[in-house]
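query24.cif follows (mmCIF, C-alpha atoms):
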```
data_work
#
loop_
_atom_site.label_atom_id
_atom_site.label_comp_id
_atom_site.auth_asym_id
_atom_site.auth_seq_id
_atom_site.Cartn_x
_atom_site.Cartn_y
_atom_site.Cartn_z
CA MET A 1210 -29.24 29.88 -35.78
CA SER A 1211 -28.73 31.15 -32.24
CA VAL A 1212 -29.44 29.10 -29.15
CA GLU A 1213 -32.22 31.50 -28.16
CA ALA A 1214 -33.99 31.09 -31.48
CA ILE A 1215 -33.93 27.32 -31.08
CA SER A 1216 -35.35 27.37 -27.57
CA GLU A 1217 -38.15 29.68 -28.71
CA LYS A 1218 -39.23 27.32 -31.44
CA SER A 1219 -41.89 25.00 -30.15
CA ALA A 1220 -41.29 21.27 -29.89
CA LYS A 1221 -44.16 20.81 -32.32
CA SER A 1222 -42.50 22.71 -35.14
CA ASP A 1223 -39.22 20.91 -34.35
CA PHE A 1224 -41.08 17.63 -34.75
CA TRP A 1225 -42.43 18.61 -38.16
CA ASP A 1226 -38.98 19.84 -39.26
CA GLY A 1227 -37.79 16.32 -38.55
CA VAL A 1228 -40.73 14.76 -40.39
CA ARG A 1229 -39.90 16.82 -43.48
CA LEU A 1230 -36.32 15.51 -43.44
CA SER A 1231 -37.56 11.93 -43.01
CA MET A 1232 -39.44 11.91 -46.32
CA PRO A 1233 -36.55 10.86 -48.61
CA VAL A 1234 -35.80 8.03 -46.17
CA VAL A 1235 -39.44 6.92 -46.13
CA VAL A 1236 -39.48 6.88 -49.95
CA ALA A 1237 -36.12 5.13 -50.30
CA SER A 1238 -36.84 2.43 -47.73
CA ALA A 1239 -40.43 1.65 -48.84
CA PRO A 1240 -39.45 -0.85 -51.55
CA PHE A 1241 -37.14 -2.65 -49.13
CA ALA A 1242 -39.87 -2.98 -46.52
CA LEU A 1243 -42.30 -4.40 -49.10
CA LEU A 1244 -39.58 -6.68 -50.43
CA PHE A 1245 -38.67 -7.84 -46.93
CA GLY A 1246 -42.28 -8.77 -46.18
CA ALA A 1247 -42.61 -10.66 -49.44
CA ILE A 1248 -39.32 -12.56 -48.98
CA ALA A 1249 -40.11 -13.30 -45.33
CA VAL A 1250 -43.38 -15.04 -46.18
CA ASP A 1251 -41.66 -16.78 -49.08
CA ASN A 1252 -39.06 -18.15 -46.61
CA GLY A 1253 -41.58 -19.54 -44.16
CA PHE A 1254 -42.44 -16.59 -41.89
CA SER A 1255 -46.05 -15.81 -41.11
CA VAL A 1256 -47.38 -12.30 -41.76
CA LEU A 1257 -47.36 -11.66 -38.00
CA GLU A 1258 -43.73 -12.81 -37.70
CA ALA A 1259 -42.65 -10.57 -40.58
CA PHE A 1260 -44.45 -7.68 -38.90
CA LEU A 1261 -42.84 -8.47 -35.54
CA MET A 1262 -39.33 -8.70 -36.96
CA SER A 1263 -39.68 -5.27 -38.60
CA ALA A 1264 -41.18 -3.78 -35.44
CA LEU A 1265 -38.54 -5.20 -33.06
CA VAL A 1266 -35.33 -5.31 -35.11
CA PHE A 1267 -35.94 -2.29 -37.40
CA GLY A 1268 -32.79 -2.84 -39.47
CA GLY A 1269 -33.37 -3.51 -43.15
CA ALA A 1270 -30.16 -5.22 -44.26
CA SER A 1271 -29.97 -7.41 -41.14
CA GLN A 1272 -33.59 -8.50 -41.59
CA MET A 1273 -32.89 -9.49 -45.19
CA VAL A 1274 -29.85 -11.52 -44.15
CA GLY A 1275 -31.74 -13.13 -41.27
CA ILE A 1276 -34.66 -14.16 -43.45
CA GLU A 1277 -32.34 -15.51 -46.14
CA LEU A 1278 -30.51 -17.73 -43.62
CA PHE A 1279 -33.83 -18.79 -42.06
CA GLY A 1280 -34.99 -19.96 -45.48
CA GLN A 1281 -31.80 -22.03 -45.80
CA HIS A 1282 -32.53 -23.67 -42.41
CA VAL A 1283 -29.32 -22.38 -40.84
CA ALA A 1284 -28.96 -22.95 -37.05
CA PRO A 1285 -30.89 -20.28 -35.06
CA TRP A 1286 -27.84 -19.05 -33.11
CA LEU A 1287 -25.99 -18.47 -36.38
CA ILE A 1288 -28.93 -16.44 -37.71
CA VAL A 1289 -28.88 -14.25 -34.60
CA LEU A 1290 -25.09 -13.87 -34.84
CA SER A 1291 -25.42 -12.80 -38.48
CA ILE A 1292 -28.04 -10.20 -37.58
CA PHE A 1293 -25.62 -8.91 -34.93
CA ALA A 1294 -22.75 -8.81 -37.44
CA VAL A 1295 -24.74 -6.89 -40.04
CA ASN A 1296 -25.86 -4.39 -37.42
CA PHE A 1297 -22.47 -4.03 -35.78
CA ARG A 1298 -21.83 -0.66 -37.50
CA HIS A 1299 -24.43 0.82 -35.13
CA VAL A 1300 -21.86 0.57 -32.33
CA LEU A 1301 -19.99 3.39 -34.07
CA TYR A 1302 -23.18 5.42 -34.56
CA SER A 1303 -24.06 4.89 -30.92
CA ALA A 1304 -20.68 6.15 -29.73
CA GLY A 1305 -20.95 9.17 -32.01
CA ILE A 1306 -24.55 10.21 -31.31
CA GLY A 1307 -24.17 9.79 -27.53
CA ARG A 1308 -22.38 13.15 -27.44
CA ARG A 1309 -25.39 14.84 -29.08
CA ILE A 1310 -28.26 13.43 -27.05
CA ALA A 1311 -26.67 13.06 -23.58
CA HIS A 1312 -28.87 15.95 -22.32
CA TRP A 1313 -32.11 14.01 -22.88
CA PRO A 1314 -33.92 12.11 -20.08
CA LEU A 1315 -32.90 8.43 -19.96
CA PHE A 1316 -36.21 7.11 -21.31
CA GLN A 1317 -35.97 9.40 -24.33
CA GLN A 1318 -32.38 8.28 -24.90
CA ALA A 1319 -33.52 4.63 -24.79
CA ILE A 1320 -36.04 5.38 -27.56
CA GLY A 1321 -33.45 7.42 -29.45
CA TYR A 1322 -31.05 4.50 -29.59
CA PHE A 1323 -33.81 2.12 -30.67
CA ILE A 1324 -34.50 4.14 -33.85
CA LEU A 1325 -30.81 4.80 -34.56
CA THR A 1326 -30.55 3.79 -38.24
CA ASP A 1327 -28.02 4.84 -40.91
CA PRO A 1328 -29.96 7.91 -42.13
CA GLN A 1329 -31.09 8.78 -38.59
CA PHE A 1330 -27.47 8.99 -37.46
CA ALA A 1331 -26.24 10.85 -40.52
CA VAL A 1332 -28.98 13.48 -40.54
CA ALA A 1333 -28.67 14.04 -36.78
CA GLU A 1334 -24.88 14.41 -37.13
CA ARG A 1335 -25.40 17.01 -39.88
CA LYS A 1336 -27.62 19.00 -37.56
CA ALA A 1337 -25.13 18.76 -34.69
CA GLU A 1338 -22.28 19.74 -37.00
CA ALA A 1339 -24.19 22.86 -38.05
CA GLY A 1340 -24.00 23.89 -34.39
CA GLU A 1341 -27.68 23.14 -33.69
CA THR A 1342 -29.00 21.22 -30.70
CA VAL A 1343 -30.36 17.76 -31.50
CA GLY A 1344 -33.66 17.83 -29.62
CA PHE A 1345 -35.88 14.84 -28.86
CA ALA A 1346 -38.94 16.20 -30.72
CA TRP A 1347 -36.91 16.84 -33.86
CA TYR A 1348 -35.16 13.46 -33.63
CA LEU A 1349 -38.46 11.67 -33.13
CA GLY A 1350 -39.98 13.53 -36.09
CA LEU A 1351 -37.09 12.29 -38.19
CA GLY A 1352 -37.28 8.67 -37.05
CA LEU A 1353 -40.93 7.92 -36.28
CA PRO A 1354 -42.31 8.15 -39.84
CA VAL A 1355 -39.50 5.88 -41.06
CA TYR A 1356 -40.34 3.35 -38.34
CA VAL A 1357 -44.12 3.44 -38.82
CA PHE A 1358 -43.92 3.15 -42.61
CA TRP A 1359 -41.27 0.43 -42.34
CA VAL A 1360 -43.45 -1.74 -40.10
CA ILE A 1361 -46.69 -1.19 -42.05
CA GLU A 1362 -45.04 -1.75 -45.43
CA SER A 1363 -43.36 -4.93 -44.19
CA ALA A 1364 -46.77 -6.32 -43.25
CA LEU A 1365 -48.23 -5.17 -46.58
CA GLY A 1366 -45.35 -6.84 -48.41
CA ALA A 1367 -46.01 -10.04 -46.48
CA VAL A 1368 -49.71 -9.97 -47.38
CA PHE A 1369 -49.43 -8.85 -51.00
CA GLY A 1370 -45.82 -9.86 -51.69
CA LYS A 1371 -46.41 -11.81 -54.83
CA LEU A 1372 -48.06 -8.79 -56.47
CA ILE A 1373 -44.88 -6.68 -56.62
CA PRO A 1374 -43.91 -6.34 -60.31
CA ASN A 1375 -40.36 -6.27 -61.61
CA THR A 1376 -38.99 -3.31 -59.72
CA HIS A 1377 -35.78 -2.85 -61.71
CA ALA A 1378 -37.22 -0.30 -64.19
CA LEU A 1379 -38.28 1.91 -61.29
CA GLY A 1380 -34.75 1.85 -59.94
CA ILE A 1381 -35.80 1.05 -56.42
CA ASP A 1382 -32.97 -1.39 -55.76
CA PHE A 1383 -30.46 1.46 -56.06
CA LEU A 1384 -32.27 4.28 -54.24
CA LEU A 1385 -30.48 3.74 -50.94
CA PRO A 1386 -26.93 3.95 -52.36
CA ILE A 1387 -27.95 7.24 -54.01
CA TYR A 1388 -29.30 8.56 -50.73
CA PHE A 1389 -26.22 7.42 -48.81
CA LEU A 1390 -23.88 9.04 -51.34
CA GLY A 1391 -25.69 12.32 -50.77
CA LEU A 1392 -25.15 11.91 -47.03
CA VAL A 1393 -21.44 11.11 -47.46
CA LEU A 1394 -20.97 14.26 -49.55
CA GLY A 1395 -22.82 16.27 -46.94
CA PHE A 1396 -19.89 15.67 -44.56
CA ARG A 1397 -17.24 16.83 -47.05
CA LYS A 1398 -16.29 19.91 -44.98
CA ARG A 1399 -15.13 17.77 -42.06
CA PRO A 1400 -11.40 17.48 -41.49
CA LEU A 1401 -9.87 14.33 -43.02
CA TRP A 1402 -13.05 13.74 -45.04
CA LEU A 1403 -11.34 12.74 -48.28
CA PRO A 1404 -8.70 10.41 -46.77
CA VAL A 1405 -11.37 8.73 -44.64
CA VAL A 1406 -13.69 8.22 -47.62
CA VAL A 1407 -10.88 6.87 -49.79
CA ALA A 1408 -9.68 4.47 -47.06
CA SER A 1409 -13.20 3.21 -46.32
CA ALA A 1410 -14.08 2.85 -50.00
CA ALA A 1411 -10.91 0.91 -50.78
CA ALA A 1412 -11.16 -1.33 -47.70
CA SER A 1413 -14.86 -2.06 -48.19
CA ILE A 1414 -14.38 -2.92 -51.86
CA ILE A 1415 -11.43 -5.23 -51.10
CA ALA A 1416 -13.36 -6.86 -48.23
CA TYR A 1417 -16.46 -7.19 -50.43
CA LYS A 1418 -14.41 -9.06 -53.05
CA THR A 1419 -12.52 -11.25 -50.57
CA VAL A 1420 -14.31 -11.76 -47.23
CA GLY A 1421 -17.73 -11.00 -48.68
CA SER A 1422 -20.91 -9.28 -47.49
CA PRO A 1423 -21.87 -8.19 -44.81
CA TRP A 1424 -18.36 -7.99 -43.32
CA HIS A 1425 -17.25 -5.38 -45.87
CA VAL A 1426 -19.30 -2.77 -43.97
CA SER A 1427 -17.55 -3.24 -40.63
CA ILE A 1428 -14.10 -3.70 -42.19
CA GLY A 1429 -14.43 -0.63 -44.41
CA ALA A 1430 -15.78 1.49 -41.56
CA VAL A 1431 -12.98 0.47 -39.19
CA ALA A 1432 -10.37 1.31 -41.86
CA GLY A 1433 -11.67 4.88 -42.22
CA VAL A 1434 -12.05 5.44 -38.48
CA LEU A 1435 -8.60 3.99 -37.73
CA LEU A 1436 -7.03 6.34 -40.26
CA ALA A 1437 -8.58 9.32 -38.47
CA VAL A 1438 -7.32 7.97 -35.12
CA ILE A 1439 -3.79 7.30 -36.34
CA LEU A 1440 -3.17 10.60 -38.14
CA PRO A 1441 -1.76 13.32 -35.84
CA PRO A 1442 -4.54 15.33 -34.13
CA HIS A 1443 -3.57 18.60 -35.83
CA HIS A 1444 -4.75 17.03 -39.10
CA SER A 1445 -8.08 16.03 -37.67
CA GLY A 1446 -9.06 19.44 -36.33
CA VAL A 1447 -9.43 18.16 -32.77
CA GLU A 1448 -7.50 20.20 -30.21
CA ALA A 1449 -5.81 18.39 -27.35
CA LYS A 1450 -7.61 19.32 -24.14
CA PRO A 1451 -5.57 20.62 -21.20
CA MET B 58 -43.06 -20.16 -28.30
CA SER B 59 -41.90 -21.11 -31.76
CA THR B 60 -38.24 -21.09 -32.82
CA THR B 61 -39.02 -18.30 -35.27
CA LEU B 62 -40.24 -16.07 -32.49
CA TRP B 63 -37.10 -16.75 -30.44
CA ILE B 64 -34.92 -15.85 -33.42
CA ILE B 65 -36.80 -12.58 -33.85
CA ILE B 66 -36.54 -11.66 -30.17
CA ALA B 67 -32.85 -12.61 -29.88
CA GLY B 68 -32.12 -10.74 -33.12
CA ALA B 69 -33.93 -7.69 -31.76
CA ILE B 70 -31.94 -7.77 -28.51
CA ALA B 71 -28.64 -8.22 -30.40
CA THR B 72 -29.54 -5.26 -32.61
CA TYR B 73 -30.47 -3.02 -29.68
CA LEU B 74 -27.15 -3.89 -28.03
CA THR B 75 -25.29 -2.58 -31.10
CA ARG B 76 -27.38 0.61 -31.02
CA ILE B 77 -26.77 1.38 -27.36
CA GLY B 78 -23.40 -0.39 -26.88
CA GLY B 79 -21.11 2.24 -28.38
CA HIS B 80 -22.61 4.91 -26.15
CA LEU B 81 -22.38 2.73 -23.00
CA VAL B 82 -18.68 2.08 -23.65
CA ILE B 83 -17.75 5.66 -24.56
CA SER B 84 -19.73 7.24 -21.70
CA ARG B 85 -17.53 5.37 -19.18
CA PHE B 86 -14.65 7.68 -20.01
CA GLU B 87 -14.71 11.11 -18.43
CA ASN B 88 -12.40 12.69 -20.96
CA ILE B 89 -12.48 11.64 -24.57
CA HIS B 90 -8.98 11.44 -26.02
CA PRO B 91 -8.54 13.74 -29.06
CA ARG B 92 -7.70 10.75 -31.23
CA VAL B 93 -10.89 8.98 -30.17
CA GLU B 94 -12.84 12.14 -30.91
CA ALA B 95 -11.19 12.34 -34.33
CA GLY B 96 -12.21 8.74 -34.90
CA LEU B 97 -15.82 9.43 -33.89
CA ASN B 98 -15.93 12.42 -36.20
CA ALA B 99 -14.89 10.13 -39.05
CA VAL B 100 -17.71 7.64 -38.38
CA PRO B 101 -20.44 9.01 -40.70
CA ALA B 102 -18.24 9.30 -43.78
CA ALA B 103 -16.50 5.99 -43.05
CA VAL B 104 -19.60 3.84 -42.54
CA LEU B 105 -21.80 5.42 -45.19
CA THR B 106 -19.01 5.10 -47.76
CA THR B 107 -19.00 1.32 -47.27
CA LEU B 108 -22.72 1.28 -48.12
CA VAL B 109 -22.03 3.06 -51.42
CA ALA B 110 -18.61 2.01 -52.76
CA PRO B 111 -19.14 -1.74 -53.39
CA ALA B 112 -22.65 -1.06 -54.73
CA ALA B 113 -21.25 1.55 -57.13
CA LEU B 114 -18.43 -0.73 -58.24
CA THR B 115 -20.74 -3.61 -59.14
CA ALA B 116 -23.31 -1.33 -60.85
CA GLY B 117 -23.63 -0.24 -64.50
CA PRO B 118 -23.79 2.99 -66.56
CA ALA B 119 -27.30 3.93 -65.42
CA GLU B 120 -26.31 3.74 -61.76
CA TRP B 121 -23.04 5.61 -62.37
CA ALA B 122 -24.90 8.40 -64.16
CA ALA B 123 -27.27 8.66 -61.19
CA LEU B 124 -24.41 8.80 -58.68
CA ILE B 125 -22.55 11.47 -60.68
CA VAL B 126 -25.66 13.65 -60.91
CA THR B 127 -26.31 13.10 -57.18
CA ALA B 128 -22.76 14.25 -56.41
CA LEU B 129 -23.08 17.34 -58.60
CA VAL B 130 -26.45 18.37 -57.15
CA SER B 131 -25.20 17.82 -53.59
CA LEU B 132 -22.61 20.58 -54.12
CA ARG B 133 -25.45 23.11 -54.28
CA GLY B 134 -28.79 21.59 -53.34
CA GLY B 135 -30.21 20.04 -50.20
CA LEU B 136 -30.68 16.38 -49.32
CA MET B 137 -34.12 16.12 -50.92
CA ALA B 138 -33.08 17.85 -54.18
CA MET B 139 -30.05 15.62 -54.55
CA PHE B 140 -32.01 12.45 -53.83
CA LEU B 141 -34.79 13.27 -56.30
CA ALA B 142 -32.31 14.28 -59.02
CA GLY B 143 -30.34 11.05 -58.59
CA ALA B 144 -33.50 8.91 -58.58
CA ALA B 145 -34.85 10.68 -61.69
CA VAL B 146 -31.61 10.12 -63.62
CA LEU B 147 -31.53 6.46 -62.53
CA ILE B 148 -35.09 5.76 -63.69
CA LEU B 149 -34.55 7.65 -66.94
CA ALA B 150 -31.21 5.98 -67.70
CA ARG B 151 -32.57 2.50 -66.99
CA GLN B 152 -35.20 2.97 -69.71
CA PHE B 153 -32.31 3.12 -72.19
CA VAL B 154 -29.50 0.96 -70.85
CA GLY B 155 -31.48 -1.44 -68.63
#
```
Represent the structure from my file as structure tokens, please.
Amino acid sequence: MSVEAISEKSAKSDFWDGVRLSMPVVVASAPFALLFGAIAVDNGFSVLEAFLMSALVFGGASQMVGIELFGQHVAPWLIVLSIFAVNFRHVLYSAGIGRRIAHWPLFQQAIGYFILTDPQFAVAERKAEAGETVGFAWYLGLGLPVYVFWVIESALGAVFGKLIPNTHALGIDFLLPIYFLGLVLGFRKRPLWLPVVVASAAASIIAYKTVGSPWHVSIGAVAGVLLAVILPPHHSGVEAKP
Amino acid sequence: MSTTLWIIIAGAIATYLTRIGGHLVISRFENIHPRVEAGLNAVPAAVLTTLVAPAALTAGPAEWAALIVTALVSLRGGLMAMFLAGAAVLILARQFVG
């Protein structure tokens, strides 16, 4: 798509393009939001506190870890540190997406970083890689439904948590890995894709078995990124700038 | 304020720092070294792989079938098609193998 065609498209239709792409994420994250709400109340949070945590943190895995530690009466600073550790991968997303959204006004960037989740980053990177501009309306369309549903479903889970039946038969505990695999494969045309995936997979599995969760995410990610940094630039498709 | 509320607020601030921190560090450099750029380009595949690989390793036949179908569909179809196909296979397979 040419630059002219993009600028002619209204922000409104960009927004709805983003909303369309957000739907798999909304579906895949719904069970986790409900589950989070239910577990939160079970571990001593009020419905309002469960709602607030989803609204302010907006990071599924870190919320689960936080609530689990809270239930075990772990020291507050250690809970906060654990939330930070689980979310640390976002530092990499932040560094990557900054190149794509630097043309936005500061306030829009501040919002953009707040809703920077795993799928948000991956889908935005796909768009940028296709040579398209990542606009604020489109980005908001992609992220806002995920946020709104996440917060509402967390509260619903907190209120009605005990009513959730055994979810295994519906497969909802494995929907996110399926979605993430699809995203990984979507980047297969990038230089060094296979070596990076192999390095990250191996490192994350080894770390998962030895150091344990959630550190396997950061360790595996760093392994893949380091490989791309270490290999000579002519392998990575990045030309040295004069 | 209760301790719980403080934990939530501190956790939220810590999380926002991770979401904005990478950009704040990188934007301080005027020229991005090619190796750093290569590293940034590797981020999506590297991080997302760590969210799949251990989960796949510790899963069973139903999950593996779903992942294989997801991979096959992703060669041709879009994100939505591949997600729905993988989810359908997972639900179907779990009726048989649990």
Do you have, as JSON lines, the list of residues of chain B lying at most 6 Å from chain A, each with its nearest atom pair and that distance in Å to one decimal, counting all atoms listed in the file and ordered by chain then number?
```
{"residue": "B:Ile65", "atom": "CA", "partner": "A:Met1262", "partner_atom": "CA", "distance": 5.6}
{"residue": "B:Gly68", "atom": "CA", "partner": "A:Val1289", "partner_atom": "CA", "distance": 5.0}
{"residue": "B:Ala69", "atom": "CA", "partner": "A:Val1266", "partner_atom": "CA", "distance": 4.3}
{"residue": "B:Ala71", "atom": "CA", "partner": "A:Phe1293", "partner_atom": "CA", "distance": 5.5}
{"residue": "B:Thr72", "atom": "CA", "partner": "A:Phe1293", "partner_atom": "CA", "distance": 5.8}
{"residue": "B:Thr75", "atom": "CA", "partner": "A:Val1300", "partner_atom": "CA", "distance": 4.8}
{"residue": "B:Arg76", "atom": "CA", "partner": "A:His1299", "partner_atom": "CA", "distance": 5.1}
{"residue": "B:Ile77", "atom": "CA", "partner": "A:Ser1303", "partner_atom": "CA", "distance": 5.7}
{"residue": "B:Gly78", "atom": "CA", "partner": "A:Val1300", "partner_atom": "CA", "distance": 5.7}
{"residue": "B:Gly79", "atom": "CA", "partner": "A:Ala1304", "partner_atom": "CA", "distance": 4.2}
{"residue": "B:His80", "atom": "CA", "partner": "A:Ala1304", "partner_atom": "CA", "distance": 4.3}
{"residue": "B:Ile83", "atom": "CA", "partner": "A:Ala1304", "partner_atom": "CA", "distance": 6.0}
{"residue": "B:Pro91", "atom": "CA", "partner": "A:Ala1449", "partner_atom": "CA", "distance": 5.7}
{"residue": "B:Arg92", "atom": "CA", "partner": "A:Val1438", "partner_atom": "CA", "distance": 4.8}
{"residue": "B:Ala95", "atom": "CA", "partner": "A:Ala1437", "partner_atom": "CA", "distance": 5.8}
{"residue": "B:Gly96", "atom": "CA", "partner": "A:Val1434", "partner_atom": "CA", "distance": 4.9}
{"residue": "B:Leu97", "atom": "CA", "partner": "A:Gly1305", "partner_atom": "CA", "distance": 5.5}
{"residue": "B:Ala99", "atom": "CA", "partner": "A:Val1434", "partner_atom": "CA", "distance": 5.5}
{"residue": "B:Ala102", "atom": "CA", "partner": "A:Val1393", "partner_atom": "CA", "distance": 5.2}
{"residue": "B:Ala103", "atom": "CA", "partner": "A:Ala1430", "partner_atom": "CA", "distance": 4.8}
{"residue": "B:Val104", "atom": "CA", "partner": "A:Ala1430", "partner_atom": "CA", "distance": 4.6}
{"residue": "B:Thr106", "atom": "CA", "partner": "A:Ala1410", "partner_atom": "CA", "distance": 5.9}
{"residue": "B:Thr107", "atom": "CA", "partner": "A:Val1426", "partner_atom": "CA", "distance": 5.3}
{"residue": "B:Val109", "atom": "CA", "partner": "A:Pro1386", "partner_atom": "CA", "distance": 5.1}
{"residue": "B:Ala110", "atom": "CA", "partner": "A:Ala1410", "partner_atom": "CA", "distance": 5.4}
{"residue": "B:Pro111", "atom": "CA", "partner": "A:Ile1414", "partner_atom": "CA", "distance": 5.1}
{"residue": "B:Phe140", "atom": "CA", "partner": "A:Tyr1388", "partner_atom": "CA", "distance": 5.7}
{"residue": "B:Ile148", "atom": "CA", "partner": "A:Gly1380", "partner_atom": "CA", "distance": 5.4}
```
One-decimal distance in Å that lies between atom CA of B:Ala142 and atom CA of B:Val130:
7.4 Å
Ground truth for the PyMOL selection byres ((chain A and resi 1243-1247) around 6), written as a PyMOL selection string:
chain A and resi 1240-1242+1248-1250+1259+1362-1364+1366-1367+1370
How would the residues just picked look written out with C-alpha atoms as a compact mmCIF listing (two decimals), keeping the file's coordinate frame?
```txt
# COMPACT_ATOMS: atom_id res chain seq x y z
CA PRO A 1240 -39.45 -0.85 -51.55
CA PHE A 1241 -37.14 -2.65 -49.13
CA ALA A 1242 -39.87 -2.98 -46.52
CA ILE A 1248 -39.32 -12.56 -48.98
CA ALA A 1249 -40.11 -13.30 -45.33
CA VAL A 1250 -43.38 -15.04 -46.18
CA ALA A 1259 -42.65 -10.57 -40.58
CA GLU A 1362 -45.04 -1.75 -45.43
CA SER A 1363 -43.36 -4.93 -44.19
CA ALA A 1364 -46.77 -6.32 -43.25
CA GLY A 1366 -45.35 -6.84 -48.41
CA ALA A 1367 -46.01 -10.04 -46.48
CA GLY A 1370 -45.82 -9.86 -51.69
```
Near stretch 119-129 of chain B, counting only C-alpha atoms, which residues have an atom at most 7 Å away, once you skip same-chain residues fewer than 3 positions from it, shown as a PyMOL selection string?
(chain A and resi 1387+1391) or (chain B and resi 113+116+132+139-140+142-144+146-147+150-151+154)
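Reported to one decimal place, the separation of atom CA of A:Ile1310 from atom CA of A:Gly1350 is 14.8 Å.
Near A:Phe1224, within 7 Å and counting all atoms listed in the file, sit Ala1220, Lys1221, Gly1227, Val1228, Ala1346, Trp1347, Leu1349 and Gly1350 of chain A, not including residues fewer than 3 positions from it in the same chain.
Separating atom CA of A:Val1274 from atom CA of B:Asn98 is a distance of 28.8 Å.
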Assuming 4 Å of padding per side, give the centre and edge lengths of the axis-aligned box around every listed atom of stretch 80-98 of chain B, in Å to one decimal and as lines of an AutoDock Vina configuration file.
```
center_x = -15.2
center_y = 7.9
center_z = -27.3
size_x = 22.9
size_y = 19.7
size_z = 25.8
```
